[in-house]
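Text of the file start_27.cif, holding mmCIF, C-alpha atoms:
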```cif
data_coords
loop_
_atom_site.group_PDB
_atom_site.id
_atom_site.type_symbol
_atom_site.label_atom_id
_atom_site.label_comp_id
_atom_site.auth_asym_id
_atom_site.auth_seq_id
_atom_site.Cartn_x
_atom_site.Cartn_y
_atom_site.Cartn_z
ATOM 1 C CA MET A 11 -8.554 -20.685 -66.927
ATOM 2 C CA THR A 12 -5.504 -19.729 -68.992
ATOM 3 C CA SER A 13 -2.033 -21.129 -68.460
ATOM 4 C CA THR A 14 -0.983 -17.946 -66.684
ATOM 5 C CA GLU A 15 -3.841 -18.109 -64.162
ATOM 6 C CA SER A 16 -3.625 -20.244 -61.087
ATOM 7 C CA GLN A 17 -6.265 -21.542 -58.784
ATOM 8 C CA THR A 18 -5.792 -21.743 -55.045
ATOM 9 C CA THR A 19 -7.925 -23.892 -52.823
ATOM 10 C CA GLU A 20 -7.802 -23.777 -49.086
ATOM 11 C CA GLN A 21 -8.615 -26.810 -47.049
ATOM 12 C CA THR A 22 -9.452 -26.506 -43.398
ATOM 13 C CA THR A 23 -9.576 -29.270 -40.880
ATOM 14 C CA THR A 24 -11.211 -29.276 -37.514
ATOM 15 C CA SER A 25 -9.356 -31.132 -34.790
ATOM 16 C CA ARG A 26 -11.368 -33.255 -32.431
ATOM 17 C CA PRO A 27 -11.089 -32.338 -28.758
ATOM 18 C CA LEU A 28 -9.375 -34.732 -26.366
ATOM 19 C CA ILE A 29 -11.652 -35.944 -23.558
ATOM 20 C CA PRO A 30 -11.537 -38.565 -20.812
ATOM 21 C CA LEU A 31 -12.979 -41.799 -22.166
ATOM 22 C CA ASN A 32 -13.673 -43.457 -18.825
ATOM 23 C CA TYR A 33 -16.317 -42.155 -16.404
ATOM 24 C CA ALA A 34 -17.749 -43.141 -13.024
ATOM 25 C CA ASN A 35 -20.851 -44.791 -14.520
ATOM 26 C CA ASP A 36 -18.882 -47.032 -16.908
ATOM 27 C CA THR A 37 -18.827 -50.807 -16.531
ATOM 28 C CA ILE A 38 -15.576 -51.788 -14.795
ATOM 29 C CA ILE A 39 -14.132 -54.882 -13.124
ATOM 30 C CA SER A 40 -11.053 -55.501 -11.037
ATOM 31 C CA ILE A 41 -8.532 -57.964 -12.480
ATOM 32 C CA TYR A 42 -5.409 -59.740 -11.231
ATOM 33 C CA ASN A 43 -2.976 -62.477 -12.233
ATOM 34 C CA THR A 44 -3.069 -61.077 -15.777
ATOM 35 C CA THR A 45 -0.385 -60.176 -18.304
ATOM 36 C CA ALA A 46 -0.655 -58.189 -21.512
ATOM 37 C CA GLY A 47 -1.968 -60.162 -24.471
ATOM 38 C CA LYS A 48 -3.214 -63.046 -22.328
ATOM 39 C CA ILE A 49 -6.562 -64.109 -20.908
ATOM 40 C CA ILE A 50 -7.619 -62.581 -17.558
ATOM 41 C CA GLY A 51 -6.285 -64.700 -14.684
ATOM 42 C CA GLY A 52 -8.743 -63.531 -12.024
ATOM 43 C CA PHE A 53 -11.409 -60.889 -11.583
ATOM 44 C CA ASN A 54 -13.452 -59.101 -8.911
ATOM 45 C CA GLY A 55 -12.459 -59.371 -5.302
ATOM 46 C CA THR A 56 -8.903 -58.264 -4.546
ATOM 47 C CA TYR A 57 -9.606 -55.034 -2.678
ATOM 48 C CA ASN A 58 -10.274 -54.597 1.022
ATOM 49 C CA ASP A 59 -13.768 -53.102 0.741
ATOM 50 C CA LEU A 60 -16.137 -51.634 -1.837
ATOM 51 C CA SER A 61 -14.841 -48.113 -1.269
ATOM 52 C CA ASN A 62 -11.458 -49.248 -2.662
ATOM 53 C CA GLY A 63 -12.921 -51.050 -5.671
ATOM 54 C CA PRO A 64 -12.051 -50.390 -9.310
ATOM 55 C CA HIS A 65 -14.789 -47.773 -9.747
ATOM 56 C CA SER A 66 -12.673 -45.514 -7.508
ATOM 57 C CA ALA A 67 -10.042 -45.359 -10.273
ATOM 58 C CA ILE A 68 -12.480 -43.657 -12.669
ATOM 59 C CA ASP A 69 -14.825 -41.677 -10.381
ATOM 60 C CA ASN A 70 -13.100 -38.312 -10.967
ATOM 61 C CA ASN A 71 -12.563 -37.989 -7.213
ATOM 62 C CA LEU A 72 -8.975 -37.616 -5.998
ATOM 63 C CA GLY A 73 -10.140 -38.464 -2.456
ATOM 64 C CA THR A 74 -10.973 -42.102 -3.296
ATOM 65 C CA THR A 75 -8.521 -44.846 -4.249
ATOM 66 C CA TYR A 76 -8.500 -48.203 -5.986
ATOM 67 C CA LEU A 77 -6.391 -50.643 -3.966
ATOM 68 C CA ASN A 78 -5.756 -53.987 -5.639
ATOM 69 C CA MET A 79 -4.037 -56.274 -3.128
ATOM 70 C CA ALA A 80 -3.372 -59.301 -5.342
ATOM 71 C CA GLN A 81 0.226 -60.190 -6.197
ATOM 72 C CA ARG A 82 1.646 -57.101 -4.469
ATOM 73 C CA GLY A 83 -0.231 -55.062 -7.080
ATOM 74 C CA VAL A 84 1.757 -56.365 -10.054
ATOM 75 C CA ASN A 85 -0.258 -57.796 -12.977
ATOM 76 C CA THR A 86 -3.411 -56.246 -11.504
ATOM 77 C CA GLY A 87 -5.673 -53.532 -12.822
ATOM 78 C CA PHE A 88 -9.062 -53.196 -14.449
ATOM 79 C CA VAL A 89 -11.129 -53.678 -17.561
ATOM 80 C CA VAL A 90 -13.473 -50.823 -18.458
ATOM 81 C CA VAL A 91 -16.183 -50.628 -21.086
ATOM 82 C CA PRO A 92 -16.672 -46.880 -21.618
ATOM 83 C CA SER A 93 -20.212 -45.621 -22.100
ATOM 84 C CA ILE A 94 -18.699 -43.659 -24.987
ATOM 85 C CA SER A 95 -18.652 -46.492 -27.490
ATOM 86 C CA ASN A 96 -16.045 -47.091 -30.167
ATOM 87 C CA SER A 97 -13.622 -44.488 -28.872
ATOM 88 C CA THR A 98 -10.018 -43.919 -29.862
ATOM 89 C CA VAL A 99 -7.365 -43.539 -27.184
ATOM 90 C CA ALA A 100 -5.567 -40.692 -28.819
ATOM 91 C CA CYS A 101 -2.302 -40.438 -27.062
ATOM 92 C CA ARG A 102 -2.529 -40.228 -23.299
ATOM 93 C CA ILE A 103 -3.095 -41.852 -19.983
ATOM 94 C CA GLN A 104 -2.847 -39.880 -16.769
ATOM 95 C CA PHE A 105 -2.536 -41.124 -13.194
ATOM 96 C CA ALA A 106 -3.033 -39.700 -9.734
ATOM 97 C CA GLY A 107 -0.991 -41.214 -6.927
ATOM 98 C CA ALA A 108 -1.679 -42.924 -3.627
ATOM 99 C CA ARG A 109 -1.186 -42.339 0.085
ATOM 100 C CA TYR A 110 2.060 -44.314 0.198
ATOM 101 C CA HIS A 111 4.685 -44.144 -2.531
ATOM 102 C CA GLN A 112 5.314 -47.892 -2.257
ATOM 103 C CA ARG A 113 1.798 -48.539 -3.618
ATOM 104 C CA ASN A 114 2.013 -46.181 -6.585
ATOM 105 C CA PRO A 115 1.886 -47.849 -9.986
ATOM 106 C CA LEU A 116 5.113 -46.964 -11.796
ATOM 107 C CA THR A 117 4.676 -48.847 -15.083
ATOM 108 C CA VAL A 118 1.571 -50.062 -16.906
ATOM 109 C CA THR A 119 0.220 -51.557 -20.085
ATOM 110 C CA LEU A 120 -2.932 -50.327 -21.806
ATOM 111 C CA GLU A 121 -4.721 -52.594 -24.276
ATOM 112 C CA GLY A 122 -7.839 -52.250 -26.397
ATOM 113 C CA SER A 123 -10.510 -54.701 -27.543
ATOM 114 C CA ASN A 124 -13.681 -54.518 -29.595
ATOM 115 C CA VAL A 125 -15.481 -56.966 -27.320
ATOM 116 C CA ALA A 126 -18.001 -54.963 -25.304
ATOM 117 C CA THR A 127 -19.440 -57.245 -22.608
ATOM 118 C CA ILE A 128 -17.673 -58.124 -19.372
ATOM 119 C CA ASP A 129 -18.565 -61.831 -19.600
ATOM 120 C CA ALA A 130 -16.957 -62.069 -23.037
ATOM 121 C CA LEU A 131 -13.943 -59.948 -21.998
ATOM 122 C CA ILE A 132 -13.145 -62.297 -19.093
ATOM 123 C CA ILE A 133 -12.455 -65.167 -21.494
ATOM 124 C CA HIS A 134 -11.175 -62.966 -24.336
ATOM 125 C CA SER A 135 -7.447 -63.072 -25.152
ATOM 126 C CA ASN A 136 -7.294 -60.960 -28.306
ATOM 127 C CA TRP A 137 -6.134 -57.632 -26.875
ATOM 128 C CA THR A 138 -4.216 -55.003 -28.838
ATOM 129 C CA LEU A 139 -1.310 -53.445 -26.933
ATOM 130 C CA LEU A 140 -1.517 -49.639 -27.094
ATOM 131 C CA TYR A 141 0.988 -48.577 -24.457
ATOM 132 C CA ASN A 142 3.701 -50.168 -22.313
ATOM 133 C CA GLY A 143 5.605 -47.743 -20.116
ATOM 134 C CA SER A 144 5.661 -45.278 -17.251
ATOM 135 C CA THR A 145 2.613 -43.915 -15.436
ATOM 136 C CA GLY A 146 4.401 -40.599 -14.946
ATOM 137 C CA ILE A 147 4.276 -40.960 -11.157
ATOM 138 C CA PRO A 148 7.755 -40.325 -9.675
ATOM 139 C CA PRO A 149 9.086 -43.242 -7.553
ATOM 140 C CA ASN A 150 8.837 -41.487 -4.176
ATOM 141 C CA ALA A 151 5.737 -39.368 -4.819
ATOM 142 C CA THR A 152 2.905 -39.284 -2.305
ATOM 143 C CA GLY A 153 -0.418 -37.557 -2.300
ATOM 144 C CA PHE A 154 -3.532 -37.413 -4.392
ATOM 145 C CA LYS A 155 -2.675 -35.325 -7.411
ATOM 146 C CA PHE A 156 -2.410 -35.839 -11.150
ATOM 147 C CA TYR A 157 0.992 -36.358 -12.681
ATOM 148 C CA ASP A 158 2.105 -35.682 -16.250
ATOM 149 C CA ALA A 159 0.074 -37.473 -18.884
ATOM 150 C CA GLN A 160 1.967 -40.145 -20.782
ATOM 151 C CA ILE A 161 1.927 -39.556 -24.532
ATOM 152 C CA PHE A 162 1.788 -42.303 -27.147
ATOM 153 C CA LYS A 163 0.462 -42.821 -30.685
ATOM 154 C CA ASN A 164 -2.704 -44.692 -31.570
ATOM 155 C CA THR A 165 -5.254 -44.384 -34.359
ATOM 156 C CA LYS A 166 -7.435 -47.446 -33.702
ATOM 157 C CA SER A 167 -10.867 -47.351 -32.058
ATOM 158 C CA PHE A 168 -11.899 -49.846 -29.383
ATOM 159 C CA ARG A 169 -15.002 -50.668 -27.343
ATOM 160 C CA SER A 170 -13.151 -51.629 -24.136
ATOM 161 C CA TYR A 171 -9.779 -51.080 -22.475
ATOM 162 C CA ARG A 172 -7.621 -53.105 -20.095
ATOM 163 C CA LEU A 173 -5.096 -51.369 -17.855
ATOM 164 C CA LEU A 174 -2.501 -53.504 -16.065
ATOM 165 C CA ILE A 175 0.035 -52.431 -13.447
ATOM 166 C CA THR A 176 3.410 -53.961 -14.294
ATOM 167 C CA SER A 177 5.429 -52.458 -11.421
ATOM 168 C CA THR A 178 4.831 -50.508 -8.215
ATOM 169 C CA GLY A 179 7.000 -48.550 -5.810
ATOM 170 C CA GLY A 180 7.748 -51.788 -3.949
ATOM 171 C CA SER A 181 4.649 -52.416 -1.848
ATOM 172 C CA SER A 182 4.040 -55.763 -0.228
ATOM 173 C CA LEU A 183 0.358 -54.787 0.090
ATOM 174 C CA GLY A 184 -0.684 -53.907 -3.473
ATOM 175 C CA ALA A 185 -1.134 -51.191 -6.070
ATOM 176 C CA GLU A 186 -3.153 -48.106 -5.139
ATOM 177 C CA TYR A 187 -4.104 -45.087 -7.221
ATOM 178 C CA SER A 188 -6.811 -42.479 -7.021
ATOM 179 C CA GLU A 189 -7.444 -41.963 -10.738
ATOM 180 C CA ALA A 190 -6.472 -43.487 -14.070
ATOM 181 C CA ARG A 191 -7.644 -41.340 -16.957
ATOM 182 C CA ILE A 192 -7.749 -42.794 -20.437
ATOM 183 C CA ILE A 193 -7.870 -39.809 -22.776
ATOM 184 C CA GLY A 194 -8.898 -39.817 -26.407
ATOM 185 C CA TYR A 195 -11.446 -39.001 -29.098
ATOM 186 C CA ILE A 196 -15.003 -40.075 -29.761
#
```

Take the structure from the file and write it as structure tokens.
Amino acid sequence: MTSTESQTTEQTTTSRPLIPLNYANDTIISIYNTTAGKIIGGFNGTYNDLSNGPHSAIDNNLGTTYLNMAQRGVNTGFVVVPSISNSTVACRIQFAGARYHQRNPLTVTLEGSNVATIDALIIHSNWTLLYNGSTGIPPNATGFKFYDAQIFKNTKSFRSYRLLITSTGGSSLGAEYSEARIIGYI
């Protein structure tokens, strides 16, 4: 190649598609009395019956709800070990609301861990905070529908995720939601 010639190279990149990382058949437990970055305070057993258990938050069915009645719903949530291992929460969580606006989760934290068994996660306190903010559900919203996904930045992969409700619409009963989608890449 002479000094008057130039060489052009073209680089193409393929973007990975965003997909839900949590599915109905994933391992999930209900938690309560828990704050971000700390060990789980309590697990399994704060809902009124099995149909309102934590699996209802990830069953892709807007007609079912997860109702956690501990602590008026604050500092409650779930730990999920997705069947899609070592996934990266790209930038979004998306919620669907409840029957009563007072039970809707308004703010949440989402954390990641590379521990992959429930027994170990119960005593595990090394969580990485990925998101702390709004669920996107308006304060007086009712009904079972998805609200705007909440966008955030993350590039780390994790084996499990912990979602905690940090405020509700003011319920004295608990936090209730029909779906909590954790969206990312595999």

Of the candidates A:Phe162, A:Tyr33, A:Phe105, A:Tyr157, which shows the shortest atom-to-atom distance to Tyr187 (chain A), using only C-alpha atoms?
->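 Among A:Phe162, A:Tyr33, A:Phe105, A:Tyr157, it is A:Phe105 that comes nearest to Tyr187 (chain A).
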
Between A:Thr37, A:Ser182, A:Asn114, A:Ser188, which has the minimum distance to Asn62 (chain A) (counting only C-alpha atoms)?
->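 Comparing A:Thr37, A:Ser182, A:Asn114, A:Ser188 against Asn62 (chain A), the winner is A:Ser188.
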
Top pick for closest residue to Pro64 (chain A), considering A:Arg26, A:Asn35, A:Leu140, A:Lys48 and counting only C-alpha atoms =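 Nearest to Pro64 (chain A): A:Asn35.
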
Using only C-alpha atoms, which residue out of A:Asn70, A:Thr117, A:Thr45, A:Thr86 lies closest to Ala185 (chain A)?
->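 Nearest to Ala185 (chain A): A:Thr86.
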
Using only C-alpha atoms: which of A:Gln81, A:Ser25, A:Gln160, A:Thr152 has the shortest distance to Thr119 (chain A) | A:Gln160

For CA of Ser123 (chain A) and CA of Ser170 (chain A), quote the distance in Å rounded to one decimal.
->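 Calculated distance between CA of Ser123 (chain A) and CA of Ser170 (chain A) is 5.3 Å.
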
Might you pull out every residue within 10 Å of Pro148 (chain A), with only C-alpha atoms counted and same-chain residues fewer than 4 positions away left off, and present them as a list of chain:residue names?
-> A:Gly107, A:His111, A:Asn114, A:Pro115, A:Leu116, A:Ser144, A:Thr152, A:Tyr157, A:Asp158, A:Gly179

Using only C-alpha atoms, which of A:Ile193, A:Ala80, A:Ala106, A:Leu120 sits nearest Ile29 (chain A)?
->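 Of A:Ile193, A:Ala80, A:Ala106, A:Leu120, the one nearest Ile29 (chain A), counting only C-alpha atoms, is A:Ile193.
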
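Going from CA of Gly180 (chain A) to CA of Arg82 (chain A) covers 8.1 Å.
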
Determine the residue membership of the PyMOL selection byres ((chain A and resi 66) around 9) for the file above and supply it as a VMD selection string.
-> chain A and resid 34 61 to 65 67 to 72 74 to 77 187 to 189

What residues come out when you apply the PyMOL selection byres ((chain A and resi 128) around 12) to this file, written as an MDAnalysis selection string?
-> chainID A and resid 36:41 50 53:54 88:92 123:127 129:134 169:172

Interatomic distance, CA of Ser177 (chain A) to CA of Asn85 (chain A) (Å, one decimal) = 8.0 Å

Quick one: axis-aligned box around all listed atoms of region 174-191 of chain A, 3 Å on every side, centre and edge lengths in Å to one decimal, written as lines of an AutoDock Vina configuration file.
```
center_x = 0.1
center_y = -48.6
center_z = -8.4
size_x = 21.4
size_y = 20.4
size_z = 23.0
```
